[in-house]
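Asker: Could you have a look at this structure, given as structure tokens, before my questions?
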Amino acid sequence: MFADDETGSLLKTLDKALQNKAFYAEQKQRKIDSLKTELKRHSEIQANVKTAQSLCFAYSSFQKDSALTYALYMNKLARKSGDRELLIEAKLDHARILSSMGFFNEAVGIVNSIQPESLSPRLKAEYFLGQVTIYNHRKSFASNEQSSRENDRIAQIYRDSLLRCEEIPADVKVFMTAPALLYHKKYDATIRILDSAYVCYPPYSRNAGILAYSLASAYQGKKDPRNTIKYFTISAISDVLNGTRENLSLRKLAKLIFESGDIDRAYMYMKNAMEDAISCNARINTIEASDMYLFITKAFQEKERHKFILITTLITLLCLVCILLFLLFIQLKKQKKIVEKANECLSYHLDKIQKNEYRIGG
């Protein structure tokens, strides 16, 4: 199906990773369990806030309900600490989790209650990052194209504000610069920035997977199907290996694979994406994936139906051939008996003729 050896090899790697998906999920769960143990072990509030935040992030792409539980716990601890910065950070994390679950009004309400002018440079960057996250989620959940474009426009405004912040971490800057360039359709510039950042991370690491997703989006904008599939596949492999169930890359890849004509593989990818969205309780992902899943499933079932009809037809024809061969065998057996009888009769008459000749000659 894929003439490119590199793409074919990557797809096989993804297939194998999906077969071992439960193992990688168990690895992720063990890391989460170790964080829970750490949370119980410490009594210092500020340290527990950071651990609760780590749990919140770990669960955010793995199990949304648990992420929300720890976001609320983080808020409770932050209020107890009396540290204003910790409380604002906890509120922003809470808003991001609510947004990812589709509770946009609640998320916007929390973020809008914060005055960015009064924030420290670090928290101001967190504030704008929170707004970008919320409007990106709203864009994904938009009911029509106009609403999607409007949310994308607002996200870009906050993204520009974030990039102007003094204390924006270097990795966040790269992750935000690429979408900003993509928004303006500057695909070559996006690829140059992402390529230089991508090589800095271990293959299939979480950050490498995020950058691969943006690279795939840039190549998709350039209408380069080979590299689009390549980088969506790398991103999807990263998601599986890191126990991430918010696998947008896998859903996008399934659509591209389906369009290429590989219905079986597309069905397998979409089925895995739907299972993960349900396990994660990711409302947005489930709704986004459901229509495409039903479409691919219908195509897969239609293909299987045609395959069943073809196999049934071939078996029927084979049975008919067997019946014909059996009838031919019976007929040949009858003919053989007739020939044998004729040979016996001929042999008898020849023997009689020879005896008569002998008598006459004698």
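Quick note on naming: the chains in the structure tokens go A, B, ... in the order shown, residues restart at 1 in each chain, and ligands are numbered from 1 in order of appearance.
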List as a CSV table (one decimal) with all heavy atoms, in the first residue's frame the protein and nucleic acid residues near Ala107 in chain A, meaning an atom at most 6 Å away when only C-alpha atoms are counted, but skip any in the same chain fewer than 3 places from it.
Answerer:
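Wrote it out as around_13.csv, contents follow:
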chain,number,residue,atom,x,y,z
A,95,ALA,N,-8.8,25.3,35.1
A,95,ALA,CA,-9.5,25.7,33.9
A,95,ALA,C,-9.1,24.9,32.7
A,95,ALA,O,-10.0,24.6,31.9
A,95,ALA,CB,-9.2,27.2,33.7
A,98,LEU,N,-10.9,21.5,32.8
A,98,LEU,CA,-12.3,21.7,32.5
A,98,LEU,C,-12.5,21.9,31.0
A,98,LEU,O,-13.5,21.4,30.4
A,98,LEU,CB,-12.9,22.9,33.3
A,98,LEU,CG,-13.1,22.7,34.8
A,98,LEU,CD1,-13.5,24.0,35.5
A,98,LEU,CD2,-14.2,21.7,35.1
A,99,SER,N,-11.7,22.7,30.4
A,99,SER,CA,-11.8,23.0,29.0
A,99,SER,C,-11.6,21.8,28.2
A,99,SER,O,-12.3,21.5,27.2
A,99,SER,CB,-10.7,24.1,28.6
A,99,SER,OG,-10.6,24.1,27.3
A,104,PHE,N,-16.5,24.6,28.8
A,104,PHE,CA,-15.9,25.8,28.4
A,104,PHE,C,-16.3,27.0,29.2
A,104,PHE,O,-15.5,27.9,29.6
A,104,PHE,CB,-16.2,26.1,26.9
A,104,PHE,CG,-15.7,25.0,26.0
A,104,PHE,CD1,-16.7,24.3,25.2
A,104,PHE,CD2,-14.4,24.5,26.0
A,104,PHE,CE1,-16.3,23.2,24.4
A,104,PHE,CE2,-14.0,23.5,25.2
A,104,PHE,CZ,-15.0,22.8,24.4
A,110,ILE,N,-13.4,30.9,35.2
A,110,ILE,CA,-12.2,30.8,36.1
A,110,ILE,C,-11.1,31.8,35.6
A,110,ILE,O,-10.6,32.6,36.4
A,110,ILE,CB,-11.7,29.4,36.3
A,110,ILE,CG1,-12.7,28.6,37.1
A,110,ILE,CG2,-10.4,29.4,37.0
A,110,ILE,CD1,-12.4,27.1,37.1
Asker: Which residues, written as a PyMOL selection string, have at least one atom at most 8 Å from Thr51 in chain A, with only C-alpha atoms counted and residues fewer than 4 positions away on the same chain left out?
Answerer: chain A and resi 35+38-39+47+55
Asker: Please identify all polymer residues within 8 Å of range 158-169 of chain A, counting only C-alpha atoms, omitting same-chain residues fewer than 3 positions from it, and present them as a list in words.
Answerer: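 In the requested form, the answer reads Pro121, Arg122, Lys124, Ala125, Phe128, Leu129, Gln131, Val132, Ile154, Ala155, Val172, Lys173, Met176, Thr177 and Ala180 of chain A.
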Asker: Mind writing the picked residues with N, CA and C atoms as a CSV table (one decimal), in the first residue's frame?
Answerer:
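To be explicit, this is the file written out as result-v9.csv:
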chain,number,residue,atom,x,y,z
A,121,PRO,N,5.5,38.0,35.8
A,121,PRO,CA,5.8,37.6,34.4
A,121,PRO,C,5.6,36.1,34.1
A,122,ARG,N,6.0,35.3,35.1
A,122,ARG,CA,5.8,33.8,34.9
A,122,ARG,C,4.3,33.5,34.8
A,124,LYS,N,1.9,35.5,34.2
A,124,LYS,CA,1.2,36.1,33.0
A,124,LYS,C,1.3,35.1,31.8
A,125,ALA,N,2.5,34.5,31.6
A,125,ALA,CA,2.7,33.6,30.5
A,125,ALA,C,1.7,32.4,30.7
A,128,PHE,N,-1.9,33.4,29.7
A,128,PHE,CA,-2.1,33.5,28.2
A,128,PHE,C,-2.1,32.0,27.7
A,129,LEU,N,-1.3,31.2,28.2
A,129,LEU,CA,-1.2,29.8,27.8
A,129,LEU,C,-2.6,29.1,28.1
A,131,GLN,N,-5.5,30.6,28.2
A,131,GLN,CA,-6.5,31.1,27.3
A,131,GLN,C,-6.3,30.5,25.9
A,132,VAL,N,-5.1,30.3,25.5
A,132,VAL,CA,-4.8,29.6,24.2
A,132,VAL,C,-5.4,28.2,24.2
A,154,ILE,N,-9.3,34.0,18.1
A,154,ILE,CA,-9.1,34.5,19.5
A,154,ILE,C,-7.9,33.8,20.1
A,155,ALA,N,-7.7,32.5,19.8
A,155,ALA,CA,-6.6,31.7,20.3
A,155,ALA,C,-5.3,32.3,19.8
A,172,VAL,N,8.1,26.0,25.5
A,172,VAL,CA,6.8,26.5,25.2
A,172,VAL,C,6.8,27.5,24.1
A,173,LYS,N,7.9,28.3,24.0
A,173,LYS,CA,8.0,29.3,22.9
A,173,LYS,C,8.0,28.6,21.5
A,176,MET,N,4.5,27.2,20.8
A,176,MET,CA,3.5,28.3,20.5
A,176,MET,C,3.9,29.0,19.2
A,177,THR,N,5.2,29.1,18.8
A,177,THR,CA,5.6,29.8,17.6
A,177,THR,C,5.1,29.0,16.4
A,180,ALA,N,1.4,29.6,15.6
A,180,ALA,CA,1.3,31.0,15.1
A,180,ALA,C,1.6,31.1,13.7
Asker: Counting only C-alpha atoms, what is within 12 Å of Arg79 in chain A, bar same-chain residues fewer than 3 positions away, as a VMD selection string?
Answerer: chain A and resid 45 to 46 49 72 to 76 82 to 91
Asker: Per DSSP on the backbone, filter range 18-217 of chain A down to the residues in helix (DSSP H, G or I) and report them as a PyMOL selection string.
Answerer: chain A and resi 18-19+21-41+45-60+64-81+84-100+104-112+116-118+121-140+145-163+170-183+187-198+206-217
Asker: Do a neighbour search on range 219-224 of chain A at 12 Å with only C-alpha atoms, toss out local chain neighbours closer than 2 positions, and write the hits as a PyMOL selection string.
Answerer: chain A and resi 181-192+194-195+212-217+226-232+252-253+256
Asker: Give the answer as one residue: which of A:Ser66, A:Ser9, A:Ser100, A:Thr313 has the shortest atom-to-atom distance to Lys36 in chain A, using only C-alpha atoms?
Answerer: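 Using only C-alpha atoms, Lys36 in chain A sits closest to A:Ser66.
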